[in-house]
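File shown: target_2.txt. Contents: compact mmCIF, C-alpha atoms.
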```txt
# COMPACT_ATOMS: atom_id res chain seq x y z
CA MET A 92 -31.39 -43.55 14.09
CA THR A 93 -30.96 -44.59 10.46
CA LYS A 94 -27.79 -46.24 9.32
CA ILE A 95 -25.74 -44.44 6.74
CA PHE A 96 -24.29 -47.63 5.30
CA SER A 97 -25.39 -51.15 6.16
CA VAL A 98 -23.96 -54.66 5.83
CA GLU A 99 -26.44 -55.19 2.98
CA ASP A 100 -24.97 -52.17 1.18
CA MET A 101 -21.49 -53.56 1.84
CA LYS A 102 -22.40 -56.94 0.38
CA GLN A 103 -23.75 -55.25 -2.73
CA ALA A 104 -20.61 -53.10 -3.10
CA ASN A 105 -18.46 -56.22 -2.82
CA GLY A 106 -20.65 -58.33 -5.09
CA GLU A 107 -21.35 -57.62 -8.75
CA ALA A 108 -20.53 -53.94 -8.24
CA ALA A 109 -16.97 -54.72 -7.15
CA LEU A 110 -14.12 -54.15 -9.57
CA ILE A 111 -10.48 -55.09 -9.04
CA ARG A 112 -8.53 -54.63 -12.24
CA LYS A 113 -5.09 -53.80 -13.55
CA ALA A 114 -4.87 -50.87 -15.95
CA TYR A 115 -4.54 -51.30 -19.68
CA ASN A 116 -1.74 -49.80 -21.72
CA GLU A 117 -3.56 -47.37 -24.01
CA GLU A 118 -1.05 -47.92 -26.83
CA THR A 119 -1.15 -51.72 -26.94
CA TRP A 120 -4.46 -52.34 -25.09
CA GLU A 121 -2.70 -55.02 -23.10
CA GLU A 122 -3.06 -55.23 -19.36
CA PHE A 123 -0.07 -53.97 -17.41
CA LYS A 124 1.64 -56.93 -15.75
CA LYS A 125 2.21 -54.99 -12.52
CA CYS A 126 0.48 -52.05 -10.91
CA THR A 127 2.61 -49.53 -9.06
CA TYR A 128 -0.57 -48.06 -7.57
CA ALA A 129 -4.22 -49.04 -7.27
CA PHE A 130 -6.94 -46.49 -6.59
CA PHE A 131 -9.20 -47.58 -3.70
CA PRO A 132 -11.77 -44.75 -3.46
CA GLY A 133 -14.04 -46.56 -0.98
CA CYS A 134 -17.65 -47.57 -1.43
CA LYS A 135 -19.29 -44.40 -0.14
CA LEU A 136 -17.38 -42.11 -2.52
CA THR A 137 -17.92 -44.53 -5.39
CA GLY A 138 -21.65 -44.74 -4.68
CA ALA A 139 -22.20 -41.05 -3.95
CA GLU A 140 -19.87 -39.41 -6.47
CA PRO A 141 -19.00 -41.84 -9.28
CA GLU A 142 -18.07 -39.00 -11.64
CA LEU A 143 -15.55 -37.72 -9.10
CA VAL A 144 -14.05 -41.22 -8.80
CA ILE A 145 -13.64 -41.37 -12.59
CA LYS A 146 -12.03 -37.91 -12.72
CA ALA A 147 -9.67 -38.72 -9.85
CA TYR A 148 -8.71 -42.05 -11.44
CA ASP A 149 -8.09 -40.37 -14.80
CA SER A 150 -5.88 -37.77 -13.09
CA ILE A 151 -3.89 -40.45 -11.29
CA ARG A 152 -3.48 -42.50 -14.48
CA PHE A 153 -2.32 -39.44 -16.41
CA GLN A 154 0.78 -39.40 -14.19
CA ASN A 155 0.90 -43.15 -13.46
CA PRO A 156 -0.64 -45.09 -16.35
CA ASP A 157 -0.17 -48.50 -14.72
CA THR A 158 -2.50 -47.62 -11.83
CA GLY A 159 -5.16 -50.24 -11.24
CA ILE A 160 -8.63 -49.75 -9.80
CA PHE A 161 -10.02 -51.36 -6.64
CA LEU A 162 -13.74 -50.62 -6.18
CA TYR A 163 -14.59 -52.36 -2.93
CA CYS A 164 -15.92 -51.81 0.59
CA CYS A 165 -13.31 -52.10 3.34
CA GLY A 166 -15.66 -53.78 5.81
CA ILE A 167 -16.53 -50.93 8.17
CA PRO A 168 -20.27 -51.82 8.23
CA ALA A 169 -19.42 -55.35 9.37
CA LYS A 170 -17.09 -53.92 12.03
CA VAL A 171 -19.74 -51.47 13.26
CA GLU A 172 -22.35 -54.24 13.49
CA GLY A 173 -19.91 -56.56 15.28
CA ASN A 174 -19.88 -59.12 12.47
CA ASP A 175 -16.24 -60.21 12.85
CA THR A 176 -16.67 -63.17 10.49
CA LEU A 177 -17.83 -60.92 7.63
CA LEU A 178 -15.11 -58.37 8.42
CA ASP A 179 -12.44 -61.09 8.32
CA GLU A 180 -13.82 -62.43 5.03
CA THR A 181 -13.82 -58.94 3.53
CA LEU A 182 -10.26 -58.25 4.65
CA ALA A 183 -9.14 -61.59 3.18
CA GLU A 184 -10.78 -60.62 -0.13
CA ILE A 185 -9.03 -57.23 -0.04
CA LYS A 186 -5.69 -58.90 0.57
CA ALA A 187 -6.28 -61.38 -2.28
CA GLY A 188 -7.31 -58.54 -4.61
CA TRP A 189 -4.23 -56.54 -3.66
CA GLU A 190 -2.04 -59.56 -4.34
CA SER A 191 -3.75 -60.11 -7.72
CA LEU A 192 -2.65 -56.59 -8.70
CA ASP A 193 0.94 -57.53 -7.74
CA LYS A 194 0.91 -55.75 -4.36
CA PRO A 195 0.67 -52.08 -5.37
CA THR A 196 0.49 -49.09 -3.07
CA LEU A 197 -3.20 -48.31 -2.50
CA ILE A 198 -4.30 -44.72 -3.06
CA VAL A 199 -7.19 -44.53 -0.61
CA GLY A 200 -10.01 -42.00 -0.90
CA CYS A 201 -11.65 -42.64 2.48
CA LEU A 202 -10.02 -42.27 5.89
CA GLY A 203 -12.31 -44.94 7.30
CA CYS A 204 -11.01 -47.36 4.67
CA TYR A 205 -7.45 -46.21 5.32
CA ASN A 206 -7.75 -46.87 9.06
CA THR A 207 -9.56 -50.21 8.63
CA ILE A 208 -7.02 -51.57 6.15
CA LYS A 209 -3.99 -50.19 7.98
CA SER A 210 -5.04 -51.65 11.34
CA ASN A 211 -5.91 -55.07 9.91
CA LEU A 212 -3.58 -55.45 6.91
CA PRO A 213 -0.44 -53.48 7.81
CA GLU A 214 1.53 -55.19 5.03
CA ILE A 215 -0.44 -53.21 2.41
CA PRO A 216 1.29 -49.91 1.61
CA MET A 217 -1.16 -47.01 1.39
CA VAL A 218 -1.35 -43.28 0.86
CA THR A 219 -4.41 -41.03 1.07
CA ILE A 220 -5.64 -39.50 -2.17
CA PHE A 221 -4.99 -36.08 -0.65
CA LYS A 222 -1.32 -36.81 0.08
CA PHE A 223 -0.91 -38.43 -3.33
CA LEU A 224 -2.37 -35.41 -5.16
CA LYS A 225 -0.29 -33.04 -3.04
CA ASP A 226 2.85 -35.00 -3.91
CA MET A 227 1.89 -34.69 -7.61
CA GLU A 228 2.22 -30.91 -7.06
CA ILE A 229 -1.15 -30.04 -8.56
CA SER A 230 -1.65 -26.29 -8.63
CA GLY A 231 -3.46 -23.52 -10.46
CA GLY A 232 -6.85 -21.90 -10.16
CA CYS A 233 -9.62 -24.40 -10.63
CA ASN A 234 -12.58 -22.10 -10.06
CA SER A 235 -13.75 -18.94 -8.36
CA VAL A 236 -16.07 -20.54 -5.81
CA ASP A 237 -15.39 -20.24 -2.07
CA TYR A 238 -15.41 -23.48 -0.08
CA PHE A 239 -15.76 -24.62 3.49
CA ILE A 240 -13.86 -27.79 4.28
CA LYS A 241 -15.07 -30.02 7.08
CA ALA A 242 -11.81 -31.83 7.68
CA PRO A 243 -11.63 -35.10 9.57
CA ALA A 244 -10.11 -35.05 13.04
CA GLY A 245 -9.17 -37.33 15.87
CA SER A 246 -6.24 -39.40 14.66
CA ASP A 247 -2.74 -38.85 13.31
CA ILE A 248 -3.81 -39.65 9.74
CA ALA A 249 -6.89 -37.43 10.05
CA ASP A 250 -4.86 -34.48 11.34
CA GLU A 251 -2.22 -34.97 8.63
CA THR A 252 -4.94 -35.28 5.98
CA ALA A 253 -6.70 -32.10 7.14
CA ALA A 254 -3.47 -30.13 6.75
CA ILE A 255 -2.81 -31.66 3.32
CA MET A 256 -6.39 -30.94 2.19
CA LYS A 257 -5.95 -27.28 3.13
CA GLU A 258 -2.58 -27.01 1.35
CA LEU A 259 -3.89 -28.78 -1.74
CA ALA A 260 -6.96 -26.55 -1.96
CA GLU A 261 -4.89 -23.38 -1.50
CA ASP A 262 -2.36 -24.55 -4.11
CA MET A 263 -5.25 -24.91 -6.55
CA GLY A 264 -6.44 -21.38 -5.89
CA VAL A 265 -9.49 -22.30 -3.86
CA LYS A 266 -10.63 -19.75 -1.28
CA LEU A 267 -11.32 -21.57 1.99
CA HIS A 268 -13.44 -20.62 4.98
```

Here is the file; what I need is its structure written in the form of structure tokens.
Amino acid sequence: MTKIFSVEDMKQANGEAALIRKAYNEETWEEFKKCTYAFFPGCKLTGAEPELVIKAYDSIRFQNPDTGIFLYCCGIPAKVEGNDTLLDETLAEIKAGWESLDKPTLIVGCLGCYNTIKSNLPEIPMVTIFKFLKDMEISGGCNSVDYFIKAPAGSDIADETAAIMKELAEDMGVKLH
């Protein structure tokens, strides 16, 4: 069986490809001193759909201009491979990055990241991107294509997220199957 994401991929995502940065005020081009939110899309989404990450981040910043960005891997590959030392190092780096942004609420794009961070760093406030977008009350027809959503399942956050994903899609005029 081939691995979907390896420790080597994780190390690359957390190396030169990593980005932890406060947002800039577009009027003064100065860095915001504090971030209310930081977008943590997760490494798989960032690697697979970088354009979607940019669009989501732009949408979040439209409503919350002081939102920082946190492009990082949460450590799941290390956890899966039983490398507790690397997982602990990664979690320490996430905590330090979060503190460098002045302890914002993370807007998380991956339920695996959400669960990993929540179970290991419960002091970090988080919300899923789906809940965040739903709370922004996004609505209106986005296209005429029908979609099938394969929603996550198996935990409280997964079940809540599946319901929010369905509501959000329907609010945007998407026809679901």

Problem set entry | 7 Å contact set for region 215-228 of chain A, all atoms listed in the file, chain neighbours under 2 positions out, as JSON, numbers by chain | {"A": [196, 197, 198, 199, 200, 212, 213, 230, 252, 255, 256, 259]}

Hey, can you spit out that residue selection with C-alpha atoms as a PDB file, keeping the file's coordinate frame?
```
ATOM      1  CA  THR A 196       0.490 -49.090  -3.070  1.00  0.00           C
ATOM      2  CA  LEU A 197      -3.200 -48.310  -2.500  1.00  0.00           C
ATOM      3  CA  ILE A 198      -4.300 -44.720  -3.060  1.00  0.00           C
ATOM      4  CA  VAL A 199      -7.190 -44.530  -0.610  1.00  0.00           C
ATOM      5  CA  GLY A 200     -10.010 -42.000  -0.900  1.00  0.00           C
ATOM      6  CA  LEU A 212      -3.580 -55.450   6.910  1.00  0.00           C
ATOM      7  CA  PRO A 213      -0.440 -53.480   7.810  1.00  0.00           C
ATOM      8  CA  SER A 230      -1.650 -26.290  -8.630  1.00  0.00           C
ATOM      9  CA  THR A 252      -4.940 -35.280   5.980  1.00  0.00           C
ATOM     10  CA  ILE A 255      -2.810 -31.660   3.320  1.00  0.00           C
ATOM     11  CA  MET A 256      -6.390 -30.940   2.190  1.00  0.00           C
ATOM     12  CA  LEU A 259      -3.890 -28.780  -1.740  1.00  0.00           C
TER      13      LEU A 259
END
```

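Distances to Gly159 (chain A) were evaluated for A:Leu143, A:Ile185, A:Leu192, A:Cys134 using all atoms listed in the file, and the minimum falls at A:Leu192.
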
For this session: Write out as a list in words each polymer residue whose atoms come within 10 Å of Lys135 (chain A), counting only C-alpha atoms; drop sequence neighbours fewer than 2 positions from it.
Result: Ile95, Phe96, Asp100, Met101, Ala104, Pro132, Gly133, Thr137, Gly138, Ala139, Glu140, Pro141, Tyr163, Cys164, Gly200 and Cys201 of chain A

For this session: Using all atoms listed in the file, determine which residues lie at most 12 Å from Lys124 (chain A), disregarding the query and same-chain residues fewer than 3 positions distant; provide the list as a count of residues only.
Result: 15

Exercise. What is the distance between CA of Lys209 (chain A) and CA of Glu184 (chain A), in Å to one decimal?
Worked result: 14.9 Å

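Using only C-alpha atoms for every distance, the candidate list A:Glu251, A:Pro168, A:Arg152, A:Lys266 yields A:Pro168 as the residue closest to Gly203 (chain A).
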
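Closest approach to Leu136 (chain A) among A:Asn105, A:Asn174, A:Glu180, A:Leu162 is made by A:Leu162 (distances from only C-alpha atoms).
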